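K.L.:
Input file: model.tsv. Contents: TSV, N, CA and C atoms and all ligand atoms.
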chain	number	residue	atom	x	y	z
P	4	MET	N	187.11	136.54	-78.93
P	4	MET	CA	187.50	135.18	-78.54
P	4	MET	C	189.01	135.12	-78.39
P	5	LYS	N	189.45	134.34	-77.40
P	5	LYS	CA	190.87	134.14	-77.19
P	5	LYS	C	191.46	133.35	-78.36
P	6	THR	N	192.75	133.52	-78.58
P	6	THR	CA	193.44	132.72	-79.57
P	6	THR	C	193.51	131.28	-79.08
P	7	LEU	N	193.17	130.37	-79.95
P	7	LEU	CA	193.21	128.95	-79.59
P	7	LEU	C	194.50	128.33	-80.11
P	8	TYR	N	195.07	127.47	-79.29
P	8	TYR	CA	196.25	126.73	-79.69
P	8	TYR	C	195.91	125.25	-79.64
P	9	PHE	N	196.00	124.62	-80.78
P	9	PHE	CA	195.65	123.20	-80.87
P	9	PHE	C	196.89	122.33	-80.68
P	10	PRO	N	196.77	121.18	-80.09
P	10	PRO	CA	195.58	120.61	-79.47
P	10	PRO	C	195.25	121.32	-78.16
P	11	VAL	N	193.96	121.33	-77.83
P	11	VAL	CA	193.55	121.98	-76.58
P	11	VAL	C	193.70	121.02	-75.40
P	12	THR	N	193.68	119.71	-75.67
P	12	THR	CA	193.98	118.73	-74.62
P	12	THR	C	195.02	117.76	-75.14
P	13	GLN	N	195.89	117.34	-74.23
P	13	GLN	CA	196.85	116.30	-74.58
P	13	GLN	C	197.42	115.66	-73.33
P	14	LYS	N	197.84	114.43	-73.52
P	14	LYS	CA	198.45	113.59	-72.47
P	14	LYS	C	197.58	113.56	-71.20
P	15	LYS	N	198.11	114.01	-70.06
P	15	LYS	CA	197.36	113.89	-68.81
P	15	LYS	C	196.25	114.93	-68.69
P	16	GLN	N	196.33	116.01	-69.49
P	16	GLN	CA	195.30	117.04	-69.41
P	16	GLN	C	194.15	116.66	-70.35
P	17	SER	N	193.18	115.94	-69.81
P	17	SER	CA	192.08	115.46	-70.65
P	17	SER	C	190.85	116.36	-70.57
P	18	GLU	N	190.82	117.26	-69.62
P	18	GLU	CA	189.69	118.18	-69.46
P	18	GLU	C	190.11	119.57	-69.91
P	19	TRP	N	189.20	120.26	-70.59
P	19	TRP	CA	189.49	121.62	-71.03
P	19	TRP	C	188.25	122.46	-70.83
P	20	PRO	N	188.33	123.61	-70.26
P	20	PRO	CA	189.55	124.30	-69.81
P	20	PRO	C	190.05	123.76	-68.47
P	21	GLU	N	191.22	124.23	-68.07
P	21	GLU	CA	191.75	123.82	-66.77
P	21	GLU	C	191.08	124.59	-65.64
P	22	GLN	N	190.75	125.85	-65.89
P	22	GLN	CA	190.04	126.67	-64.91
P	22	GLN	C	188.54	126.67	-65.25
P	23	PRO	N	187.66	126.85	-64.27
P	23	PRO	CA	186.21	126.72	-64.52
P	23	PRO	C	185.56	127.95	-65.17
P	24	ILE	N	186.22	128.49	-66.20
P	24	ILE	CA	185.69	129.62	-66.96
P	24	ILE	C	185.69	129.23	-68.43
P	25	CYS	N	184.62	129.59	-69.12
P	25	CYS	CA	184.49	129.23	-70.54
P	25	CYS	C	185.76	129.65	-71.29
P	26	PRO	N	186.39	128.71	-72.02
P	26	PRO	CA	187.64	129.02	-72.72
P	26	PRO	C	187.44	129.87	-73.97
P	27	ILE	N	186.20	130.09	-74.35
P	27	ILE	CA	185.94	130.86	-75.57
P	27	ILE	C	185.62	132.32	-75.23
P	28	CYS	N	184.62	132.55	-74.41
P	28	CYS	CA	184.24	133.93	-74.08
P	28	CYS	C	185.02	134.46	-72.87
P	29	GLY	N	185.51	133.55	-72.04
P	29	GLY	CA	186.24	133.97	-70.85
P	29	GLY	C	185.38	134.69	-69.83
P	30	GLN	N	184.05	134.56	-69.96
P	30	GLN	CA	183.14	135.32	-69.11
P	30	GLN	C	182.36	134.46	-68.13
P	31	ASN	N	181.87	133.35	-68.62
P	31	ASN	CA	180.90	132.58	-67.85
P	31	ASN	C	181.51	131.30	-67.29
P	32	PRO	N	180.95	130.83	-66.16
P	32	PRO	CA	181.48	129.60	-65.55
P	32	PRO	C	181.10	128.36	-66.34
P	33	VAL	N	181.92	127.34	-66.23
P	33	VAL	CA	181.61	126.01	-66.74
P	33	VAL	C	181.86	125.01	-65.62
P	34	PHE	N	181.50	123.77	-65.83
P	34	PHE	CA	181.56	122.66	-64.87
P	34	PHE	C	180.37	122.75	-63.92
P	35	ASP	N	180.07	121.64	-63.28
P	35	ASP	CA	178.95	121.60	-62.34
P	35	ASP	C	179.14	122.61	-61.23
P	36	PRO	N	178.07	123.25	-60.82
P	36	PRO	CA	176.66	123.03	-61.15
P	36	PRO	C	176.15	123.92	-62.27
P	37	HIS	N	177.05	124.51	-63.06
P	37	HIS	CA	176.65	125.49	-64.08
P	37	HIS	C	176.23	124.80	-65.38
P	38	SER	N	175.50	125.54	-66.20
P	38	SER	CA	175.13	125.05	-67.52
P	38	SER	C	176.38	124.96	-68.38
P	39	MET	N	176.38	124.01	-69.30
P	39	MET	CA	177.52	123.89	-70.21
P	39	MET	C	177.18	123.02	-71.40
P	40	ALA	N	177.88	123.30	-72.51
P	40	ALA	CA	177.89	122.41	-73.67
P	40	ALA	C	179.22	121.67	-73.62
P	41	VAL	N	179.21	120.39	-73.98
P	41	VAL	CA	180.41	119.57	-73.83
P	41	VAL	C	180.66	118.76	-75.10
P	42	ILE	N	181.89	118.74	-75.53
P	42	ILE	CA	182.33	117.77	-76.53
P	42	ILE	C	183.02	116.66	-75.75
P	43	ASN	N	182.42	115.49	-75.79
P	43	ASN	CA	183.03	114.31	-75.17
P	43	ASN	C	183.57	113.44	-76.30
P	44	ALA	N	184.81	113.04	-76.19
P	44	ALA	CA	185.39	112.17	-77.21
P	44	ALA	C	186.19	111.09	-76.53
P	45	GLY	N	186.19	109.91	-77.12
P	45	GLY	CA	187.01	108.87	-76.53
P	45	GLY	C	186.52	107.49	-76.82
P	46	ALA	N	187.08	106.57	-76.07
P	46	ALA	CA	186.79	105.16	-76.23
P	46	ALA	C	186.67	104.52	-74.86
P	47	LEU	N	186.03	103.37	-74.87
P	47	LEU	CA	185.91	102.56	-73.66
P	47	LEU	C	186.66	101.26	-73.88
P	48	LEU	N	187.47	100.88	-72.94
P	48	LEU	CA	188.05	99.55	-72.98
P	48	LEU	C	187.05	98.61	-72.33
P	49	VAL	N	186.46	97.74	-73.14
P	49	VAL	CA	185.36	96.92	-72.68
P	49	VAL	C	185.86	95.55	-72.22
P	50	ASP	N	185.36	95.14	-71.09
P	50	ASP	CA	185.58	93.79	-70.58
P	50	ASP	C	184.37	92.97	-71.00
P	51	SER	N	184.55	92.06	-71.95
P	51	SER	CA	183.41	91.31	-72.49
P	51	SER	C	182.78	90.39	-71.44
P	52	ARG	N	183.56	89.98	-70.44
P	52	ARG	CA	183.00	89.09	-69.41
P	52	ARG	C	181.97	89.82	-68.56
P	53	SER	N	182.30	91.07	-68.20
P	53	SER	CA	181.37	91.83	-67.36
P	53	SER	C	180.48	92.75	-68.20
P	54	ASN	N	180.76	92.81	-69.51
P	54	ASN	CA	180.03	93.69	-70.41
P	54	ASN	C	180.00	95.13	-69.89
P	55	SER	N	181.15	95.58	-69.39
P	55	SER	CA	181.26	96.96	-68.92
P	55	SER	C	182.57	97.53	-69.45
P	56	GLY	N	182.64	98.83	-69.45
P	56	GLY	CA	183.85	99.46	-69.96
P	56	GLY	C	184.09	100.80	-69.34
P	57	GLY	N	185.28	101.32	-69.60
P	57	GLY	CA	185.62	102.63	-69.07
P	57	GLY	C	186.95	103.07	-69.60
P	58	PRO	N	187.43	104.21	-69.12
P	58	PRO	CA	188.75	104.67	-69.54
P	58	PRO	C	189.81	103.68	-69.05
P	59	SER	N	190.93	103.67	-69.73
P	59	SER	CA	192.00	102.74	-69.37
P	59	SER	C	193.34	103.33	-69.73
P	60	ASN	N	194.35	103.06	-68.90
P	60	ASN	CA	195.69	103.53	-69.25
P	60	ASN	C	196.27	102.75	-70.43
P	61	ARG	N	195.51	101.82	-70.97
P	61	ARG	CA	195.91	101.12	-72.19
P	61	ARG	C	195.42	101.85	-73.43
P	62	LEU	N	194.71	102.97	-73.24
P	62	LEU	CA	194.17	103.73	-74.37
P	62	LEU	C	194.82	105.11	-74.44
P	63	GLU	N	195.02	105.60	-75.67
P	63	GLU	CA	195.40	107.00	-75.91
P	63	GLU	C	194.36	107.57	-76.85
P	64	GLY	N	193.66	108.60	-76.40
P	64	GLY	CA	192.59	109.18	-77.20
P	64	GLY	C	193.06	110.31	-78.09
P	65	PHE	N	192.25	110.59	-79.09
P	65	PHE	CA	192.53	111.73	-79.97
P	65	PHE	C	191.23	112.21	-80.59
P	66	LEU	N	191.25	113.44	-81.07
P	66	LEU	CA	190.15	114.01	-81.85
P	66	LEU	C	190.78	114.92	-82.90
P	67	ASP	N	190.63	114.56	-84.15
P	67	ASP	CA	191.22	115.30	-85.25
P	67	ASP	C	190.15	115.78	-86.22
P	68	LEU	N	190.41	116.92	-86.85
P	68	LEU	CA	189.68	117.32	-88.06
P	68	LEU	C	190.69	117.16	-89.19
P	69	THR	N	190.30	116.46	-90.22
P	69	THR	CA	191.26	116.12	-91.28
P	69	THR	C	190.70	116.45	-92.66
P	70	TRP	N	191.57	116.98	-93.50
P	70	TRP	CA	191.28	117.09	-94.92
P	70	TRP	C	192.10	116.04	-95.65
P	71	HIS	N	191.44	115.19	-96.41
P	71	HIS	CA	192.10	114.16	-97.18
P	71	HIS	C	191.78	114.40	-98.64
P	72	GLY	N	192.72	115.06	-99.34
P	72	GLY	CA	192.50	115.40	-100.74
P	72	GLY	C	192.55	114.18	-101.64
P	73	ALA	N	191.90	114.31	-102.79
P	73	ALA	CA	191.86	113.21	-103.77
P	73	ALA	C	193.27	112.85	-104.22
P	74	HIS	N	193.46	111.59	-104.56
P	74	HIS	CA	194.73	111.12	-105.13
P	74	HIS	C	194.63	111.23	-106.64
P	75	THR	N	195.21	112.30	-107.19
P	75	THR	CA	195.07	112.51	-108.63
P	75	THR	C	195.82	111.45	-109.43
P	76	ASN	N	196.88	110.90	-108.87
P	76	ASN	CA	197.62	109.85	-109.61
P	76	ASN	C	196.82	108.54	-109.70
P	77	GLU	N	195.72	108.49	-108.99
P	77	GLU	CA	194.84	107.30	-109.06
P	77	GLU	C	193.49	107.65	-109.69
P	78	GLY	N	193.41	108.86	-110.28
P	78	GLY	CA	192.18	109.28	-110.92
P	78	GLY	C	191.17	109.92	-109.98
P	79	GLY	N	191.60	110.21	-108.77
P	79	GLY	CA	190.69	110.82	-107.80
P	79	GLY	C	190.32	112.24	-108.18
P	80	LYS	N	189.11	112.63	-107.85
P	80	LYS	CA	188.62	113.96	-108.18
P	80	LYS	C	188.13	114.65	-106.91
P	81	GLY	N	188.21	115.97	-106.90
P	81	GLY	CA	187.70	116.74	-105.77
P	81	GLY	C	188.51	117.99	-105.57
P	82	VAL	N	188.01	118.88	-104.77
P	82	VAL	CA	188.73	120.12	-104.49
P	82	VAL	C	189.95	119.82	-103.65
P	83	ALA	N	190.93	120.70	-103.74
P	83	ALA	CA	192.19	120.58	-103.00
P	83	ALA	C	192.76	119.16	-103.07
P	84	PRO	N	192.98	118.67	-104.30
P	84	PRO	CA	193.51	117.31	-104.42
P	84	PRO	C	194.96	117.24	-103.95
P	85	ASP	N	195.40	116.05	-103.66
P	85	ASP	CA	196.79	115.78	-103.27
P	85	ASP	C	197.23	116.64	-102.08
P	86	THR	N	196.28	116.98	-101.25
P	86	THR	CA	196.56	117.80	-100.07
P	86	THR	C	196.05	117.06	-98.85
P	87	TYR	N	196.87	117.05	-97.84
P	87	TYR	CA	196.49	116.41	-96.60
P	87	TYR	C	196.76	117.39	-95.47
P	88	ALA	N	195.77	117.61	-94.63
P	88	ALA	CA	195.95	118.52	-93.49
P	88	ALA	C	195.14	118.03	-92.32
P	89	THR	N	195.61	118.30	-91.15
P	89	THR	CA	194.85	117.89	-89.97
P	89	THR	C	195.01	118.92	-88.86
P	90	VAL	N	193.95	119.09	-88.12
P	90	VAL	CA	193.97	119.88	-86.89
P	90	VAL	C	193.74	118.90	-85.76
P	91	SER	N	194.72	118.81	-84.92
P	91	SER	CA	194.61	117.91	-83.77
P	91	SER	C	193.95	118.68	-82.63
P	92	VAL	N	192.70	118.35	-82.34
P	92	VAL	CA	191.97	119.02	-81.26
P	92	VAL	C	192.38	118.43	-79.91
P	93	ALA	N	192.50	117.12	-79.87
P	93	ALA	CA	192.94	116.40	-78.67
P	93	ALA	C	193.96	115.37	-79.11
P	94	LYS	N	195.02	115.23	-78.34
P	94	LYS	CA	196.14	114.39	-78.81
P	94	LYS	C	196.70	113.55	-77.66
P	95	ASP	N	196.92	112.29	-77.94
P	95	ASP	CA	197.60	111.39	-76.99
P	95	ASP	C	197.01	111.45	-75.59
P	96	ILE	N	195.68	111.41	-75.51
P	96	ILE	CA	195.02	111.56	-74.22
P	96	ILE	C	195.15	110.27	-73.41
P	97	LEU	N	195.85	110.35	-72.32
P	97	LEU	CA	196.03	109.18	-71.46
P	97	LEU	C	194.69	108.77	-70.88
P	98	GLY	N	194.35	107.52	-71.02
P	98	GLY	CA	193.06	107.01	-70.56
P	98	GLY	C	192.06	106.92	-71.69
P	99	GLY	N	192.27	107.69	-72.75
P	99	GLY	CA	191.45	107.55	-73.94
P	99	GLY	C	190.23	108.44	-74.03
P	100	GLN	N	190.01	109.31	-73.04
P	100	GLN	CA	188.80	110.13	-73.07
P	100	GLN	C	189.14	111.59	-72.79
P	101	THR	N	188.41	112.47	-73.48
P	101	THR	CA	188.61	113.90	-73.28
P	101	THR	C	187.27	114.62	-73.29
P	102	SER	N	187.20	115.74	-72.58
P	102	SER	CA	185.98	116.54	-72.52
P	102	SER	C	186.33	118.01	-72.64
P	103	LEU	N	185.63	118.68	-73.55
P	103	LEU	CA	185.83	120.11	-73.78
P	103	LEU	C	184.55	120.82	-73.40
P	104	HIS	N	184.64	121.85	-72.57
P	104	HIS	CA	183.46	122.48	-71.97
P	104	HIS	C	183.30	123.93	-72.42
P	105	PHE	N	182.05	124.31	-72.65
P	105	PHE	CA	181.72	125.66	-73.11
P	105	PHE	C	180.48	126.14	-72.37
P	106	CYS	N	180.37	127.45	-72.19
P	106	CYS	CA	179.26	127.98	-71.39
P	106	CYS	C	177.95	127.98	-72.16
P	107	SER	N	178.02	127.85	-73.48
P	107	SER	CA	176.81	128.00	-74.29
P	107	SER	C	176.99	127.33	-75.64
P	108	ILE	N	175.87	127.14	-76.32
P	108	ILE	CA	175.93	126.63	-77.70
P	108	ILE	C	176.69	127.63	-78.58
P	109	LYS	N	176.51	128.90	-78.31
P	109	LYS	CA	177.21	129.93	-79.08
P	109	LYS	C	178.72	129.75	-78.98
P	110	CYS	N	179.22	129.51	-77.77
P	110	CYS	CA	180.67	129.33	-77.60
P	110	CYS	C	181.13	128.00	-78.18
P	111	LEU	N	180.31	126.96	-78.08
P	111	LEU	CA	180.64	125.69	-78.73
P	111	LEU	C	180.78	125.90	-80.24
P	112	ARG	N	179.81	126.63	-80.82
P	112	ARG	CA	179.86	126.89	-82.26
P	112	ARG	C	181.10	127.69	-82.63
P	113	SER	N	181.44	128.69	-81.82
P	113	SER	CA	182.63	129.50	-82.09
P	113	SER	C	183.88	128.63	-82.08
P	114	PHE	N	183.95	127.71	-81.13
P	114	PHE	CA	185.09	126.80	-81.06
P	114	PHE	C	185.17	125.94	-82.32
P	115	LEU	N	184.05	125.36	-82.70
P	115	LEU	CA	184.05	124.50	-83.89
P	115	LEU	C	184.40	125.30	-85.14
P	116	ASN	N	183.87	126.52	-85.23
P	116	ASN	CA	184.22	127.37	-86.38
P	116	ASN	C	185.72	127.67	-86.40
P	117	ALA	N	186.30	127.93	-85.23
P	117	ALA	CA	187.74	128.22	-85.17
P	117	ALA	C	188.56	127.01	-85.58
P	118	ALA	N	188.11	125.83	-85.17
P	118	ALA	CA	188.83	124.60	-85.55
P	118	ALA	C	188.73	124.38	-87.05
P	119	VAL	N	187.55	124.61	-87.61
P	119	VAL	CA	187.38	124.44	-89.06
P	119	VAL	C	188.16	125.51	-89.82
P	120	ASP	N	188.19	126.73	-89.30
P	120	ASP	CA	189.01	127.79	-89.92
P	120	ASP	C	190.48	127.39	-89.95
P	121	GLU	N	190.94	126.79	-88.86
P	121	GLU	CA	192.34	126.33	-88.79
P	121	GLU	C	192.60	125.26	-89.86
P	122	LEU	N	191.66	124.34	-90.00
P	122	LEU	CA	191.82	123.30	-91.02
P	122	LEU	C	191.82	123.92	-92.41
P	123	GLU	N	190.92	124.86	-92.64
P	123	GLU	CA	190.84	125.52	-93.95
P	123	GLU	C	192.15	126.22	-94.27
P	124	ALA	N	192.73	126.91	-93.29
P	124	ALA	CA	193.99	127.61	-93.51
P	124	ALA	C	195.10	126.62	-93.86
P	125	LYS	N	195.12	125.49	-93.19
P	125	LYS	CA	196.15	124.48	-93.49
P	125	LYS	C	195.96	123.90	-94.88
P	126	VAL	N	194.72	123.69	-95.28
P	126	VAL	CA	194.47	123.18	-96.63
P	126	VAL	C	194.94	124.20	-97.66
P	127	LYS	N	194.64	125.46	-97.42
P	127	LYS	CA	195.06	126.50	-98.37
P	127	LYS	C	196.58	126.60	-98.46
P	128	GLN	N	197.25	126.43	-97.32
P	128	GLN	CA	198.73	126.44	-97.32
P	128	GLN	C	199.27	125.27	-98.12
P	129	GLY	N	198.54	124.18	-98.12
P	129	GLY	CA	199.01	122.97	-98.79
P	129	GLY	C	198.71	122.92	-100.27
P	130	LEU	N	197.94	123.90	-100.75
P	130	LEU	CA	197.58	123.88	-102.16
P	130	LEU	C	198.80	124.24	-103.00
P	131	HIS	N	199.00	123.53	-104.10
P	131	HIS	CA	200.12	123.78	-104.99
P	131	HIS	C	199.59	124.43	-106.25
P	132	GLY	N	200.22	125.56	-106.62
P	132	GLY	CA	199.88	126.23	-107.86
P	132	GLY	C	198.54	126.93	-107.83
P	133	VAL	N	198.03	127.26	-106.66
P	133	VAL	CA	196.74	127.96	-106.57
P	133	VAL	C	197.00	129.39	-106.14
P	201	ZN	ZN	181.37	131.11	-73.24
What is this structure when it is put down as structure tokens?

P.N.:
Amino acid sequence: MKTLYFPVTQKKQSEWPEQPICPICGQNPVFDPHSMAVINAGALLVDSRSNSGGPSNRLEGFLDLTWHGAHTNEGGKGVAPDTYATVSVAKDILGGQTSLHFCSIKCLRSFLNAAVDELEAKVKQGLHGV
């Protein structure tokens, strides 16, 4: 698998990958008319009068994986306390919506595992006295 650099989408680049090849295996095509697994994230700016919604330049989208450790000074309990870490998968997406494409469930899983591995590494870096 290629090295991933997070965030994979930001600002005007809301679609990933930019080229129609799976960003994980680098072997198979993605986008129509090919098969693909997709992570769609975002929001709709809804017009209550028409009861419809869509992307809007009034929205900035994001997708984060976050570790929020317990607050020990408040009696909180849990692993990796007093540690905060985040992996920004998508950041400041103009319009509020982002789509990440993969050729297969296997490549989707690899991507999610890589993102979780990144979060785990950040949590471990943030641990004090461990
Ligand atoms: Zn693939």

K.L.:
Within 6.5 Å of ligand ZN 201 (chain P), counting all atoms listed in the file: which residues, as a VMD selection string?

P.N.:
chain P and resid 25 to 31 105 to 107 109 to 111

K.L.:
Tell me which protein, DNA and RNA residues are within 7 Å of Ser17 in chain P, counting only N, CA and C atoms, leaving out same-chain ones fewer than 2 positions away, and put them as a list in words.

P.N.:
Thr12, Gln13, Lys14, Lys15, Trp19, Ile96, Leu97, Gln100, Thr101, Ser102 and Leu103 of chain P

K.L.:
Find the nearest atom pair between each residue of range 20-47 of chain P and range 60-73 of chain P for residues within 9 Å, count only C-alpha atoms, give distances in Å to one decimal, sort rows by chain and ascending number, and present the table as JSON lines.

P.N.:
{"residue": "P:Ala44", "atom": "CA", "partner": "P:Leu66", "partner_atom": "CA", "distance": 6.9}
{"residue": "P:Gly45", "atom": "CA", "partner": "P:Gly64", "partner_atom": "CA", "distance": 5.6}
{"residue": "P:Ala46", "atom": "CA", "partner": "P:Gly64", "partner_atom": "CA", "distance": 7.1}
{"residue": "P:Leu47", "atom": "CA", "partner": "P:Leu62", "partner_atom": "CA", "distance": 8.4}

K.L.:
Check chain P with DSSP on the backbone and list each residue it calls strand (DSSP E), as a ChimeraX atom specification.

P.N.:
/P:12-13,18-19,40-45,48-50,55-57,63-71,87-97,100-105

K.L.:
As a PyMOL selection string, please: every residue in chain P that DSSP puts in alpha helix (DSSP H).

P.N.:
chain P and resi 108-129

K.L.:
Calculate how many Å separate CA of Ala40 in chain P from CA of Ile108 in chain P, rounding to one decimal.

P.N.:
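Separation between CA of Ala40 in chain P and CA of Ile108 in chain P: 6.2 Å.
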
K.L.:
Go ahead and compute the interatomic distance for atom N of Asn43 in chain P and CA of His104 in chain P, in Å to one decimal.

P.N.:
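Computing it gives 8.0 Å between the two atoms.
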
K.L.:
May I ask for the distance between CA of Glu21 in chain P and atom C of Phe34 in chain P, given in Å to one decimal place?

P.N.:
11.8 Å

K.L.:
Rank P:Val119, P:Gln16, P:Met4, P:Asp50 by their smallest atom-to-atom distance to Asp95 in chain P, using only N, CA and C atoms, and report the top residue only.

P.N.:
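Checking each of P:Val119, P:Gln16, P:Met4, P:Asp50 against Asp95 in chain P, counting only N, CA and C atoms, the winner is P:Gln16.
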
K.L.:
Point out the residue among P:His74, P:Pro23, P:Gly99, P:Thr86 with the least atom-to-atom distance to Pro58 in chain P, counting all atoms listed in the file.

P.N.:
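Closest to Pro58 in chain P of all the choices is P:Gly99.
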
K.L.:
From the coordinates supplied, range 56-129 of chain P should be written with C-alpha atoms, as a JSON list (two decimals), in the first residue's frame.

P.N.:
[["chain", "number", "residue", "atom", "x", "y", "z"],
["P", 56, "GLY", "CA", -30.80, 20.36, 0.45],
["P", 57, "GLY", "CA", -27.39, 20.04, -1.06],
["P", 58, "PRO", "CA", -23.80, 21.14, -0.85],
["P", 59, "SER", "CA", -23.25, 24.83, -0.25],
["P", 60, "ASN", "CA", -20.33, 27.23, -0.25],
["P", 61, "ARG", "CA", -21.62, 28.18, 3.21],
["P", 62, "LEU", "CA", -20.40, 24.79, 4.51],
["P", 63, "GLU", "CA", -16.91, 23.45, 5.27],
["P", 64, "GLY", "CA", -16.83, 19.70, 5.72],
["P", 65, "PHE", "CA", -14.53, 17.51, 7.74],
["P", 66, "LEU", "CA", -14.01, 13.89, 8.77],
["P", 67, "ASP", "CA", -11.86, 13.19, 11.81],
["P", 68, "LEU", "CA", -10.88, 10.17, 13.88],
["P", 69, "THR", "CA", -10.34, 11.37, 17.42],
["P", 70, "TRP", "CA", -9.07, 9.99, 20.69],
["P", 71, "HIS", "CA", -10.46, 11.86, 23.68],
["P", 72, "GLY", "CA", -8.75, 10.63, 26.83],
["P", 73, "ALA", "CA", -10.39, 10.75, 30.24],
["P", 74, "HIS", "CA", -9.98, 13.91, 32.32],
["P", 75, "THR", "CA", -8.20, 12.56, 35.38],
["P", 76, "ASN", "CA", -8.49, 15.88, 37.22],
["P", 77, "GLU", "CA", -12.26, 15.38, 37.09],
["P", 78, "GLY", "CA", -12.16, 11.73, 38.16],
["P", 79, "GLY", "CA", -12.37, 10.37, 34.63],
["P", 80, "LYS", "CA", -11.23, 6.82, 34.02],
["P", 81, "GLY", "CA", -10.03, 5.00, 30.92],
["P", 82, "VAL", "CA", -6.98, 4.07, 28.92],
["P", 83, "ALA", "CA", -4.67, 6.80, 27.66],
["P", 84, "PRO", "CA", -6.13, 9.45, 29.98],
["P", 85, "ASP", "CA", -5.39, 13.15, 29.53],
["P", 86, "THR", "CA", -4.46, 12.48, 25.92],
["P", 87, "TYR", "CA", -6.07, 14.04, 22.92],
["P", 88, "ALA", "CA", -5.23, 13.07, 19.35],
["P", 89, "THR", "CA", -6.92, 13.39, 16.02],
["P", 90, "VAL", "CA", -6.40, 12.22, 12.48],
["P", 91, "SER", "CA", -7.95, 14.58, 10.02],
["P", 92, "VAL", "CA", -9.12, 12.45, 7.09],
["P", 93, "ALA", "CA", -10.89, 15.34, 5.34],
["P", 94, "LYS", "CA", -10.39, 18.98, 6.26],
["P", 95, "ASP", "CA", -12.02, 22.30, 5.39],
["P", 96, "ILE", "CA", -13.91, 20.83, 2.45],
["P", 97, "LEU", "CA", -15.49, 23.64, 0.49],
["P", 98, "GLY", "CA", -19.14, 22.84, -0.09],
["P", 99, "GLY", "CA", -19.26, 20.52, 2.89],
["P", 100, "GLN", "CA", -19.09, 17.13, 1.17],
["P", 101, "THR", "CA", -16.30, 14.70, 0.41],
["P", 102, "SER", "CA", -16.05, 11.27, -1.22],
["P", 103, "LEU", "CA", -13.24, 8.75, -0.92],
["P", 104, "HIS", "CA", -13.19, 5.92, -3.47],
["P", 105, "PHE", "CA", -11.69, 2.42, -3.32],
["P", 106, "CYS", "CA", -11.72, -0.47, -5.78],
["P", 107, "SER", "CA", -12.83, -3.03, -3.20],
["P", 108, "ILE", "CA", -13.94, -3.66, 0.35],
["P", 109, "LYS", "CA", -10.41, -4.94, 0.96],
["P", 110, "CYS", "CA", -8.91, -1.58, -0.02],
["P", 111, "LEU", "CA", -11.54, 0.31, 2.00],
["P", 112, "ARG", "CA", -10.61, -1.80, 5.02],
["P", 113, "SER", "CA", -6.90, -1.17, 4.43],
["P", 114, "PHE", "CA", -7.55, 2.56, 4.34],
["P", 115, "LEU", "CA", -9.56, 2.49, 7.56],
["P", 116, "ASN", "CA", -6.90, 0.35, 9.24],
["P", 117, "ALA", "CA", -4.21, 2.83, 8.16],
["P", 118, "ALA", "CA", -6.23, 5.74, 9.55],
["P", 119, "VAL", "CA", -6.77, 3.93, 12.85],
["P", 120, "ASP", "CA", -3.06, 3.00, 12.97],
["P", 121, "GLU", "CA", -2.23, 6.69, 12.53],
["P", 122, "LEU", "CA", -4.55, 7.59, 15.40],
["P", 123, "GLU", "CA", -3.06, 4.86, 17.58],
["P", 124, "ALA", "CA", 0.46, 6.15, 16.90],
["P", 125, "LYS", "CA", -0.57, 9.68, 17.85],
["P", 126, "VAL", "CA", -2.17, 8.45, 21.07],
["P", 127, "LYS", "CA", 1.00, 6.53, 21.96],
["P", 128, "GLN", "CA", 3.10, 9.64, 21.27],
["P", 129, "GLY", "CA", 0.84, 11.59, 23.59]]
